[in-house]
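*Asks:* So I've got this file, work-v4.pdb, and it contains PDB, C-alpha atoms and all ligand atoms:
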MODEL        1
ATOM      1  CA  MET A  17     -18.030  -1.068 -32.185  1.00  0.00           C
ATOM      2  CA  THR A  18     -19.133  -3.499 -29.509  1.00  0.00           C
ATOM      3  CA  GLN A  19     -15.926  -5.330 -28.879  1.00  0.00           C
ATOM      4  CA  SER A  20     -17.512  -8.531 -27.633  1.00  0.00           C
ATOM      5  CA  PRO A  21     -18.516  -7.609 -24.075  1.00  0.00           C
ATOM      6  CA  LEU A  22     -19.312 -11.227 -23.453  1.00  0.00           C
ATOM      7  CA  THR A  23     -15.738 -12.187 -24.026  1.00  0.00           C
ATOM      8  CA  GLU A  24     -14.612  -9.537 -21.598  1.00  0.00           C
ATOM      9  CA  ALA A  25     -17.141 -10.692 -19.021  1.00  0.00           C
ATOM     10  CA  ASN A  26     -16.022 -14.265 -19.485  1.00  0.00           C
ATOM     11  CA  ARG A  27     -12.421 -13.274 -19.154  1.00  0.00           C
ATOM     12  CA  ARG A  28     -13.155 -11.583 -15.842  1.00  0.00           C
ATOM     13  CA  THR A  29     -15.122 -14.548 -14.597  1.00  0.00           C
ATOM     14  CA  ILE A  30     -12.315 -16.857 -15.525  1.00  0.00           C
ATOM     15  CA  LEU A  31      -9.762 -14.627 -13.830  1.00  0.00           C
ATOM     16  CA  LYS A  32     -11.901 -14.501 -10.710  1.00  0.00           C
ATOM     17  CA  SER A  33     -12.229 -18.257 -10.703  1.00  0.00           C
ATOM     18  CA  LEU A  34      -8.496 -18.646 -11.105  1.00  0.00           C
ATOM     19  CA  SER A  35      -7.928 -16.264  -8.200  1.00  0.00           C
ATOM     20  CA  ALA A  36     -10.344 -18.212  -6.063  1.00  0.00           C
ATOM     21  CA  ILE A  37      -8.602 -21.447  -6.914  1.00  0.00           C
ATOM     22  CA  SER A  38      -5.215 -19.915  -6.202  1.00  0.00           C
ATOM     23  CA  ALA A  39      -6.412 -18.537  -2.888  1.00  0.00           C
ATOM     24  CA  ALA A  40      -7.846 -21.890  -1.926  1.00  0.00           C
ATOM     25  CA  GLY A  41      -4.684 -23.572  -3.074  1.00  0.00           C
ATOM     26  CA  MET A  42      -2.527 -21.226  -1.038  1.00  0.00           C
ATOM     27  CA  THR A  43      -4.556 -21.898   2.074  1.00  0.00           C
ATOM     28  CA  GLY A  44      -4.474 -25.594   1.530  1.00  0.00           C
ATOM     29  CA  LEU A  45      -0.754 -25.521   1.009  1.00  0.00           C
ATOM     30  CA  ALA A  46      -0.007 -23.244   3.930  1.00  0.00           C
ATOM     31  CA  GLY A  47       3.681 -23.336   4.571  1.00  0.00           C
ATOM     32  CA  CYS A  48       4.391 -25.008   1.275  1.00  0.00           C
ATOM     33  CA  ALA A  49       6.310 -22.970  -1.241  1.00  0.00           C
ATOM     34  CA  GLY A  50       4.493 -24.539  -4.151  1.00  0.00           C
ATOM     35  CA  GLY A  51       1.444 -23.260  -5.885  1.00  0.00           C
ATOM     36  CA  GLY A  52       3.085 -21.885  -8.948  1.00  0.00           C
ATOM     37  CA  ASN A  53       0.308 -19.389  -9.503  1.00  0.00           C
ATOM     38  CA  GLY A  54       1.470 -16.224 -11.130  1.00  0.00           C
ATOM     39  CA  ASN A  55      -0.510 -13.816  -9.032  1.00  0.00           C
ATOM     40  CA  GLY A  56       0.547 -14.573  -5.491  1.00  0.00           C
ATOM     41  CA  ASP A  57       1.453 -11.832  -3.065  1.00  0.00           C
ATOM     42  CA  ASP A  58       4.977 -10.572  -3.344  1.00  0.00           C
ATOM     43  CA  ASN A  59       4.790  -8.882  -0.004  1.00  0.00           C
ATOM     44  CA  GLY A  60       6.317 -11.850   1.644  1.00  0.00           C
ATOM     45  CA  ASN A  61       6.107 -11.898   5.414  1.00  0.00           C
ATOM     46  CA  GLY A  62       3.000 -14.053   5.205  1.00  0.00           C
ATOM     47  CA  ALA A  63       0.645 -11.227   6.095  1.00  0.00           C
ATOM     48  CA  GLY A  64      -2.867 -11.425   4.783  1.00  0.00           C
ATOM     49  CA  THR A  65      -4.466  -8.692   2.801  1.00  0.00           C
ATOM     50  CA  ILE A  66      -7.692  -6.717   2.835  1.00  0.00           C
ATOM     51  CA  SER A  67      -9.254  -5.618  -0.412  1.00  0.00           C
ATOM     52  CA  ALA A  68      -9.016  -1.864  -0.821  1.00  0.00           C
ATOM     53  CA  ASP A  69     -12.583  -2.017  -2.132  1.00  0.00           C
ATOM     54  CA  GLU A  70     -13.501  -1.694   1.539  1.00  0.00           C
ATOM     55  CA  TYR A  71     -11.640   1.609   1.736  1.00  0.00           C
ATOM     56  CA  PRO A  72     -12.578   3.638  -1.334  1.00  0.00           C
ATOM     57  CA  ALA A  73     -10.539   6.664  -0.266  1.00  0.00           C
ATOM     58  CA  VAL A  74      -7.420   4.526  -0.053  1.00  0.00           C
ATOM     59  CA  ASP A  75      -8.019   3.052  -3.459  1.00  0.00           C
ATOM     60  CA  GLU A  76      -8.771   6.455  -4.938  1.00  0.00           C
ATOM     61  CA  TRP A  77      -5.612   7.993  -3.528  1.00  0.00           C
ATOM     62  CA  MET A  78      -3.424   5.123  -4.604  1.00  0.00           C
ATOM     63  CA  THR A  79      -4.752   4.897  -8.146  1.00  0.00           C
ATOM     64  CA  GLU A  80      -5.713   8.433  -9.154  1.00  0.00           C
ATOM     65  CA  THR A  81      -3.429  10.315 -11.502  1.00  0.00           C
ATOM     66  CA  GLU A  82      -4.664  13.895 -11.158  1.00  0.00           C
ATOM     67  CA  ILE A  83      -2.462  14.531  -8.135  1.00  0.00           C
ATOM     68  CA  GLY A  84       0.828  12.858  -8.828  1.00  0.00           C
ATOM     69  CA  ASP A  85       0.774   9.410 -10.348  1.00  0.00           C
ATOM     70  CA  ALA A  86      -0.704   6.074  -9.327  1.00  0.00           C
ATOM     71  CA  ALA A  87       1.122   4.490  -6.403  1.00  0.00           C
ATOM     72  CA  ARG A  88       3.887   2.077  -7.198  1.00  0.00           C
ATOM     73  CA  LEU A  89       3.862  -1.378  -5.614  1.00  0.00           C
ATOM     74  CA  TYR A  90       0.111  -1.126  -5.075  1.00  0.00           C
ATOM     75  CA  ASP A  91      -2.192  -3.826  -6.420  1.00  0.00           C
ATOM     76  CA  GLY A  92      -5.514  -3.000  -4.788  1.00  0.00           C
ATOM     77  CA  GLU A  93      -4.677  -4.915  -1.629  1.00  0.00           C
ATOM     78  CA  ILE A  94      -3.995  -3.553   1.839  1.00  0.00           C
ATOM     79  CA  VAL A  95      -1.450  -5.567   3.799  1.00  0.00           C
ATOM     80  CA  ASP A  96      -3.116  -6.591   7.032  1.00  0.00           C
ATOM     81  CA  LEU A  97      -0.754  -5.855   9.926  1.00  0.00           C
ATOM     82  CA  ARG A  98      -3.442  -5.383  12.565  1.00  0.00           C
ATOM     83  CA  GLU A  99      -1.942  -8.135  14.687  1.00  0.00           C
ATOM     84  CA  GLU A 100       1.541  -6.655  14.508  1.00  0.00           C
ATOM     85  CA  SER A 101       2.993  -4.354  17.141  1.00  0.00           C
ATOM     86  CA  ASP A 102       6.068  -3.572  15.051  1.00  0.00           C
ATOM     87  CA  VAL A 103       5.122  -2.073  11.715  1.00  0.00           C
ATOM     88  CA  ALA A 104       7.870  -0.784   9.441  1.00  0.00           C
ATOM     89  CA  ILE A 105       7.572   0.703   5.970  1.00  0.00           C
ATOM     90  CA  ASP A 106      10.497   1.105   3.579  1.00  0.00           C
ATOM     91  CA  VAL A 107      10.961   4.598   2.155  1.00  0.00           C
ATOM     92  CA  GLY A 108      12.658   4.245  -1.219  1.00  0.00           C
ATOM     93  CA  ALA A 109      11.604   0.787  -2.370  1.00  0.00           C
ATOM     94  CA  GLY A 110      11.067  -0.704  -5.785  1.00  0.00           C
ATOM     95  CA  ASP A 111      13.321  -0.699  -8.823  1.00  0.00           C
ATOM     96  CA  GLU A 112      14.053   3.010  -8.717  1.00  0.00           C
ATOM     97  CA  GLY A 113      13.617   3.596  -5.013  1.00  0.00           C
ATOM     98  CA  LEU A 114      10.508   5.656  -5.629  1.00  0.00           C
ATOM     99  CA  ALA A 115       7.965   3.688  -3.655  1.00  0.00           C
ATOM    100  CA  PHE A 116       6.842   2.948  -0.125  1.00  0.00           C
ATOM    101  CA  GLU A 117       6.705  -0.731   0.769  1.00  0.00           C
ATOM    102  CA  PRO A 118       4.309  -2.022   1.803  1.00  0.00           C
ATOM    103  CA  SER A 119       2.478   0.857   0.159  1.00  0.00           C
ATOM    104  CA  ALA A 120      -0.853   0.234   1.879  1.00  0.00           C
ATOM    105  CA  VAL A 121      -1.184  -1.279   5.342  1.00  0.00           C
ATOM    106  CA  ALA A 122      -3.841  -1.781   7.993  1.00  0.00           C
ATOM    107  CA  VAL A 123      -2.824  -1.436  11.637  1.00  0.00           C
ATOM    108  CA  SER A 124      -4.594  -1.438  14.984  1.00  0.00           C
ATOM    109  CA  SER A 125      -5.145   1.812  16.836  1.00  0.00           C
ATOM    110  CA  GLY A 126      -2.268   2.648  19.141  1.00  0.00           C
ATOM    111  CA  THR A 127       0.336   1.300  16.731  1.00  0.00           C
ATOM    112  CA  GLU A 128       3.536   3.224  16.166  1.00  0.00           C
ATOM    113  CA  VAL A 129       4.507   2.958  12.513  1.00  0.00           C
ATOM    114  CA  LEU A 130       8.166   3.269  11.593  1.00  0.00           C
ATOM    115  CA  TRP A 131       9.267   4.552   8.192  1.00  0.00           C
ATOM    116  CA  GLU A 132      12.823   3.528   7.346  1.00  0.00           C
ATOM    117  CA  TRP A 133      14.769   5.170   4.532  1.00  0.00           C
ATOM    118  CA  THR A 134      16.536   2.668   2.313  1.00  0.00           C
ATOM    119  CA  GLY A 135      18.989   5.143   0.825  1.00  0.00           C
ATOM    120  CA  GLU A 136      17.605   4.508  -2.661  1.00  0.00           C
ATOM    121  CA  GLY A 137      15.856   6.976  -4.959  1.00  0.00           C
ATOM    122  CA  GLY A 138      17.161  10.264  -3.567  1.00  0.00           C
ATOM    123  CA  ALA A 139      15.682  12.539  -0.937  1.00  0.00           C
ATOM    124  CA  HIS A 140      12.305  11.504   0.459  1.00  0.00           C
ATOM    125  CA  ASN A 141       9.838  12.556   3.076  1.00  0.00           C
ATOM    126  CA  VAL A 142       6.547  11.295   4.474  1.00  0.00           C
ATOM    127  CA  GLU A 143       3.731  13.782   4.161  1.00  0.00           C
ATOM    128  CA  ALA A 144       0.070  13.355   5.132  1.00  0.00           C
ATOM    129  CA  GLU A 145      -1.473  16.607   4.008  1.00  0.00           C
ATOM    130  CA  PRO A 146      -5.192  16.387   3.193  1.00  0.00           C
ATOM    131  CA  ASP A 147      -5.312  19.786   1.499  1.00  0.00           C
ATOM    132  CA  GLU A 148      -2.602  18.810  -0.969  1.00  0.00           C
ATOM    133  CA  GLN A 149      -4.173  15.452  -1.653  1.00  0.00           C
ATOM    134  CA  ILE A 150      -7.767  14.387  -2.235  1.00  0.00           C
ATOM    135  CA  GLY A 151      -9.028  15.719   1.096  1.00  0.00           C
ATOM    136  CA  GLU A 152      -9.799  12.256   2.453  1.00  0.00           C
ATOM    137  CA  SER A 153      -7.009  11.741   4.957  1.00  0.00           C
ATOM    138  CA  ASP A 154      -8.074  11.720   8.611  1.00  0.00           C
ATOM    139  CA  TYR A 155      -4.481  12.307   9.575  1.00  0.00           C
ATOM    140  CA  GLU A 156      -2.079  15.154   8.979  1.00  0.00           C
ATOM    141  CA  PHE A 157       1.635  14.755   9.716  1.00  0.00           C
ATOM    142  CA  SER A 158       5.016  15.296   8.172  1.00  0.00           C
ATOM    143  CA  SER A 159       8.530  13.982   8.559  1.00  0.00           C
ATOM    144  CA  GLY A 160       9.763  17.424   7.524  1.00  0.00           C
ATOM    145  CA  GLU A 161      12.080  18.305   4.669  1.00  0.00           C
ATOM    146  CA  ALA A 162      12.954  15.537   2.244  1.00  0.00           C
ATOM    147  CA  GLU A 163      16.172  13.814   3.224  1.00  0.00           C
ATOM    148  CA  ASP A 164      18.570  11.494   1.477  1.00  0.00           C
ATOM    149  CA  GLY A 165      20.247   8.720   3.425  1.00  0.00           C
ATOM    150  CA  ASP A 166      19.927   5.164   4.670  1.00  0.00           C
ATOM    151  CA  ASP A 167      19.872   5.918   8.385  1.00  0.00           C
ATOM    152  CA  ILE A 168      16.828   8.153   8.484  1.00  0.00           C
ATOM    153  CA  GLU A 169      13.712   7.154  10.371  1.00  0.00           C
ATOM    154  CA  TYR A 170      10.361   8.684  11.080  1.00  0.00           C
ATOM    155  CA  THR A 171       7.617   7.404  13.339  1.00  0.00           C
ATOM    156  CA  HIS A 172       3.998   8.282  13.836  1.00  0.00           C
ATOM    157  CA  THR A 173       1.616   6.734  16.322  1.00  0.00           C
ATOM    158  CA  PHE A 174      -1.908   6.135  15.087  1.00  0.00           C
ATOM    159  CA  ASP A 175      -4.257   6.473  18.022  1.00  0.00           C
ATOM    160  CA  GLU A 176      -7.538   7.074  16.263  1.00  0.00           C
ATOM    161  CA  GLU A 177      -9.521   4.933  13.918  1.00  0.00           C
ATOM    162  CA  GLY A 178      -9.428   6.300  10.397  1.00  0.00           C
ATOM    163  CA  ILE A 179      -7.194   6.455   7.381  1.00  0.00           C
ATOM    164  CA  ALA A 180      -3.968   8.253   6.675  1.00  0.00           C
ATOM    165  CA  LEU A 181      -3.061   9.040   3.096  1.00  0.00           C
ATOM    166  CA  TYR A 182       0.505  10.146   2.550  1.00  0.00           C
ATOM    167  CA  HIS A 183       3.096  10.777  -0.090  1.00  0.00           C
ATOM    168  CA  CYS A 184       6.686  11.817  -0.649  1.00  0.00           C
ATOM    169  CA  GLU A 185       6.722  15.443  -1.777  1.00  0.00           C
ATOM    170  CA  PRO A 186       9.611  15.241  -4.260  1.00  0.00           C
ATOM    171  CA  HIS A 187       8.250  12.067  -5.829  1.00  0.00           C
ATOM    172  CA  ILE A 188       4.490  12.371  -5.812  1.00  0.00           C
ATOM    173  CA  ALA A 189       4.682  12.739  -9.593  1.00  0.00           C
ATOM    174  CA  ASN A 190       6.398   9.339  -9.629  1.00  0.00           C
ATOM    175  CA  GLY A 191       3.583   7.750  -7.684  1.00  0.00           C
ATOM    176  CA  MET A 192       5.390   7.658  -4.363  1.00  0.00           C
ATOM    177  CA  LYS A 193       2.224   7.354  -2.288  1.00  0.00           C
ATOM    178  CA  GLY A 194       1.127   5.347   0.707  1.00  0.00           C
ATOM    179  CA  SER A 195      -1.836   4.651   2.957  1.00  0.00           C
ATOM    180  CA  VAL A 196      -2.386   3.494   6.506  1.00  0.00           C
ATOM    181  CA  VAL A 197      -5.783   2.187   7.571  1.00  0.00           C
ATOM    182  CA  VAL A 198      -6.250   2.373  11.347  1.00  0.00           C
ATOM    183  CA  GLU A 199      -8.851   0.131  12.910  1.00  0.00           C
ATOM    184  CA  GLU A 200      -9.974  -0.056  16.510  1.00  0.00           C
ATOM    185  CA  GLU A 201      -8.058  -2.692  18.356  1.00  0.00           C
TER     186      GLU A 201
HETATM  187 CU    CU D   1      10.578  10.222  -2.502  1.00  0.00          CU
ENDMDL
END
How does this structure look as structure tokens?

*Replies:*
Amino acid sequence: MTQSPLTEANRRTILKSLSAISAAGMTGLAGCAGGGNGNGDDNGNGAGTISADEYPAVDEWMTETEIGDAARLYDGEIVDLREESDVAIDVGAGDEGLAFEPSAVAVSSGTEVLWEWTGEGGAHNVEAEPDEQIGESDYEFSSGEAEDGDDIEYTHTFDEEGIALYHCEPHIANGMKGSVVVEEE
């Protein structure tokens, strides 16, 4: 029956409050390794994040399970790399090498994004193919046939504002998905 909705609501409120405190704490302790909160970003590199709530198509692609599986290494946050001129994404990340990392990024228009194969997880490719996805990608590109190796690279330059949704063909069922949000510089 009604499984105490109030409790659930309270739990969410408490979680939100904790997040807010953690965020404030992180800011206050900038540069300090402390904090000890359990939900900090694991992305390292100190980049900020943008909530994917602002990009529903990204969130839908990364979490839906009708086409492939939900993206690995995705937590609802888009890593904000809009200030970066060098943007690189690992192909074959995570425990089994079946993820892109960072899986969701935001870049400025004109940025050339580099995908670097790690050599883990088998043969991969990078495929932005709206018709095979949820039809929401503004970009269409492909690195070609899936390849296995640790010296493979693929680049794509994002000139136009919009979003690119992509995946690895052999591993879409494993949730090997990624997204690039492109914003006007
Ligand atoms: Cu793959």

*Asks:* What's around Gly126 in chain A at 8 Å? Count all atoms listed in the file, leave out sequence neighbours fewer than 6 positions away in its own chain, and write the answer as a list in words.

*Replies:*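 Result of the neighbour search: Thr173, Phe174, Asp175, Glu176 and Glu201 of chain A.
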
*Asks:* Neighbouring residues of range 102-109 of chain A were defined as those with any atom within 7 Å, considering all atoms listed in the file; residues of the same chain fewer than 3 positions away were excluded. Please report them as a ChimeraX atom specification.

*Replies:* /A:113-118,129-137

*Asks:* I'd like the neighbourhood of Arg98 in chain A as a VMD selection string, where a residue qualifies if any of its atoms comes within 12 Å (using all atoms listed in the file), though same-chain residues fewer than 6 positions away should be ignored.

*Replies:* chain A and resid 63 to 66 121 to 129 174 196 to 201

*Asks:* Include C-alpha atoms and write out the residues we just selected as a compact mmCIF listing (two decimals), keeping the file's coordinate frame.

*Replies:*
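So result.txt came out as:
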# COMPACT_ATOMS: atom_id res chain seq x y z
CA ALA A 63 0.64 -11.23 6.10
CA GLY A 64 -2.87 -11.42 4.78
CA THR A 65 -4.47 -8.69 2.80
CA ILE A 66 -7.69 -6.72 2.84
CA VAL A 121 -1.18 -1.28 5.34
CA ALA A 122 -3.84 -1.78 7.99
CA VAL A 123 -2.82 -1.44 11.64
CA SER A 124 -4.59 -1.44 14.98
CA SER A 125 -5.14 1.81 16.84
CA GLY A 126 -2.27 2.65 19.14
CA THR A 127 0.34 1.30 16.73
CA GLU A 128 3.54 3.22 16.17
CA VAL A 129 4.51 2.96 12.51
CA PHE A 174 -1.91 6.14 15.09
CA VAL A 196 -2.39 3.49 6.51
CA VAL A 197 -5.78 2.19 7.57
CA VAL A 198 -6.25 2.37 11.35
CA GLU A 199 -8.85 0.13 12.91
CA GLU A 200 -9.97 -0.06 16.51
CA GLU A 201 -8.06 -2.69 18.36

*Asks:* For the atom pair CA of Leu181 in chain A and CA of Ala144 in chain A, what is the interatomic distance in Å to one decimal place?

*Replies:*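 Distance reported for this atom pair: 5.7 Å.
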
*Asks:* Collect all residues with atoms no farther than 6 Å from ligand CU 1 (chain D), counting all atoms listed in the file, and output them as a VMD selection string.

*Replies:* chain A and resid 114 139 to 140 184 186 to 187

*Asks:* For Ile83 in chain A, work out the shell of residues within 12 Å, counting only C-alpha atoms and skipping chain neighbours fewer than 6 positions away, then give it as JSON, numbers by chain.

*Replies:* {"A": [76, 77, 146, 147, 148, 149, 150, 151, 182, 183, 185, 187, 188, 189, 190, 191, 192, 193]}

*Asks:* Take CA of Ile94 in chain A and CA of Gly165 in chain A and report the distance between them in Å, one decimal.

*Replies:* 27.2 Å

*Asks:* Just checking: using only C-alpha atoms, which residue out of A:Gly84, A:Gly110, A:Gly178, A:Gly160 ends up closest to Val142 in chain A?

*Replies:*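 Ranking A:Gly84, A:Gly110, A:Gly178, A:Gly160 by distance to Val142 in chain A, first place goes to A:Gly160.
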
*Asks:* Can you work out the spacing between CA of Asp166 in chain A and CA of Leu89 in chain A in Å, to one decimal?

*Replies:*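 Separation between CA of Asp166 in chain A and CA of Leu89 in chain A: 20.2 Å.
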
*Asks:* Once the PyMOL selection byres (((chain A and resi 68) around 6) and not hetatm) has been evaluated on this model, what residues remain selected, and can you format them as JSON, numbers by chain?

*Replies:* {"A": [67, 69, 70, 71, 75, 92, 93, 94]}

*Asks:* Please enumerate the residues selected by the PyMOL selection byres (((chain A and resi 154) around 6) and not hetatm) when evaluated against the supplied file, formatted as a CSV table (one decimal) with C-alpha atoms, in the coordinates of the input.

*Replies:*
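Final file, out.csv:
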chain,number,residue,atom,x,y,z
A,153,SER,CA,-7.0,11.7,5.0
A,155,TYR,CA,-4.5,12.3,9.6
A,178,GLY,CA,-9.4,6.3,10.4
A,179,ILE,CA,-7.2,6.5,7.4
A,180,ALA,CA,-4.0,8.3,6.7

*Asks:* Kindly reconstruct range 139-164 of chain A with N, CA and C atoms and present the result as a compact mmCIF listing (two decimals), keeping the file's coordinate frame.

*Replies:*
# COMPACT_ATOMS: atom_id res chain seq x y z
N ALA A 139 16.22 11.98 -2.18
CA ALA A 139 15.68 12.54 -0.94
C ALA A 139 14.18 12.33 -0.86
N HIS A 140 13.73 11.79 0.27
CA HIS A 140 12.30 11.50 0.46
C HIS A 140 11.79 12.15 1.74
N ASN A 141 10.48 12.28 1.80
CA ASN A 141 9.84 12.56 3.08
C ASN A 141 8.51 11.82 3.12
N VAL A 142 7.85 11.94 4.26
CA VAL A 142 6.55 11.30 4.47
C VAL A 142 5.58 12.40 4.85
N GLU A 143 4.58 12.61 4.02
CA GLU A 143 3.73 13.78 4.16
C GLU A 143 2.25 13.39 4.05
N ALA A 144 1.53 13.55 5.16
CA ALA A 144 0.07 13.36 5.13
C ALA A 144 -0.54 14.75 5.21
N GLU A 145 -1.03 15.22 4.11
CA GLU A 145 -1.47 16.61 4.01
C GLU A 145 -2.77 16.66 3.19
N PRO A 146 -3.91 16.50 3.90
CA PRO A 146 -5.19 16.39 3.19
C PRO A 146 -5.42 17.46 2.13
N ASP A 147 -5.04 18.70 2.45
CA ASP A 147 -5.31 19.79 1.50
C ASP A 147 -4.53 19.67 0.20
N GLU A 148 -3.41 18.96 0.25
CA GLU A 148 -2.60 18.81 -0.97
C GLU A 148 -2.94 17.51 -1.68
N GLN A 149 -3.86 16.76 -1.07
CA GLN A 149 -4.17 15.45 -1.65
C GLN A 149 -5.62 15.46 -2.15
N ILE A 150 -6.37 14.46 -1.77
CA ILE A 150 -7.77 14.39 -2.24
C ILE A 150 -8.74 14.74 -1.11
N GLY A 151 -8.18 15.26 -0.01
CA GLY A 151 -9.03 15.72 1.10
C GLY A 151 -9.66 14.61 1.92
N GLU A 152 -9.16 13.39 1.78
CA GLU A 152 -9.80 12.26 2.45
C GLU A 152 -9.00 11.70 3.62
N SER A 153 -7.83 12.28 3.88
CA SER A 153 -7.01 11.74 4.96
C SER A 153 -7.50 12.25 6.31
N ASP A 154 -7.67 11.33 7.26
CA ASP A 154 -8.07 11.72 8.61
C ASP A 154 -6.87 12.19 9.41
N TYR A 155 -5.71 11.95 8.87
CA TYR A 155 -4.48 12.31 9.57
C TYR A 155 -3.70 13.36 8.80
N GLU A 156 -2.96 14.17 9.57
CA GLU A 156 -2.08 15.15 8.98
C GLU A 156 -0.76 15.09 9.75
N PHE A 157 0.32 14.80 9.06
CA PHE A 157 1.64 14.76 9.72
C PHE A 157 2.71 14.89 8.66
N SER A 158 3.91 15.13 9.11
CA SER A 158 5.02 15.30 8.17
C SER A 158 6.32 14.92 8.83
N SER A 159 7.20 14.31 8.05
CA SER A 159 8.53 13.98 8.56
C SER A 159 9.45 15.18 8.38
N GLY A 160 8.95 16.23 7.75
CA GLY A 160 9.76 17.42 7.52
C GLY A 160 10.37 17.44 6.13
N GLU A 161 11.42 18.19 5.97
CA GLU A 161 12.08 18.30 4.67
C GLU A 161 12.52 16.94 4.16
N ALA A 162 12.49 16.79 2.84
CA ALA A 162 12.95 15.54 2.24
C ALA A 162 14.43 15.35 2.56
N GLU A 163 14.78 14.12 2.88
CA GLU A 163 16.17 13.81 3.22
C GLU A 163 16.65 12.59 2.47
N ASP A 164 17.94 12.59 2.21
CA ASP A 164 18.57 11.49 1.48
C ASP A 164 19.52 10.77 2.43
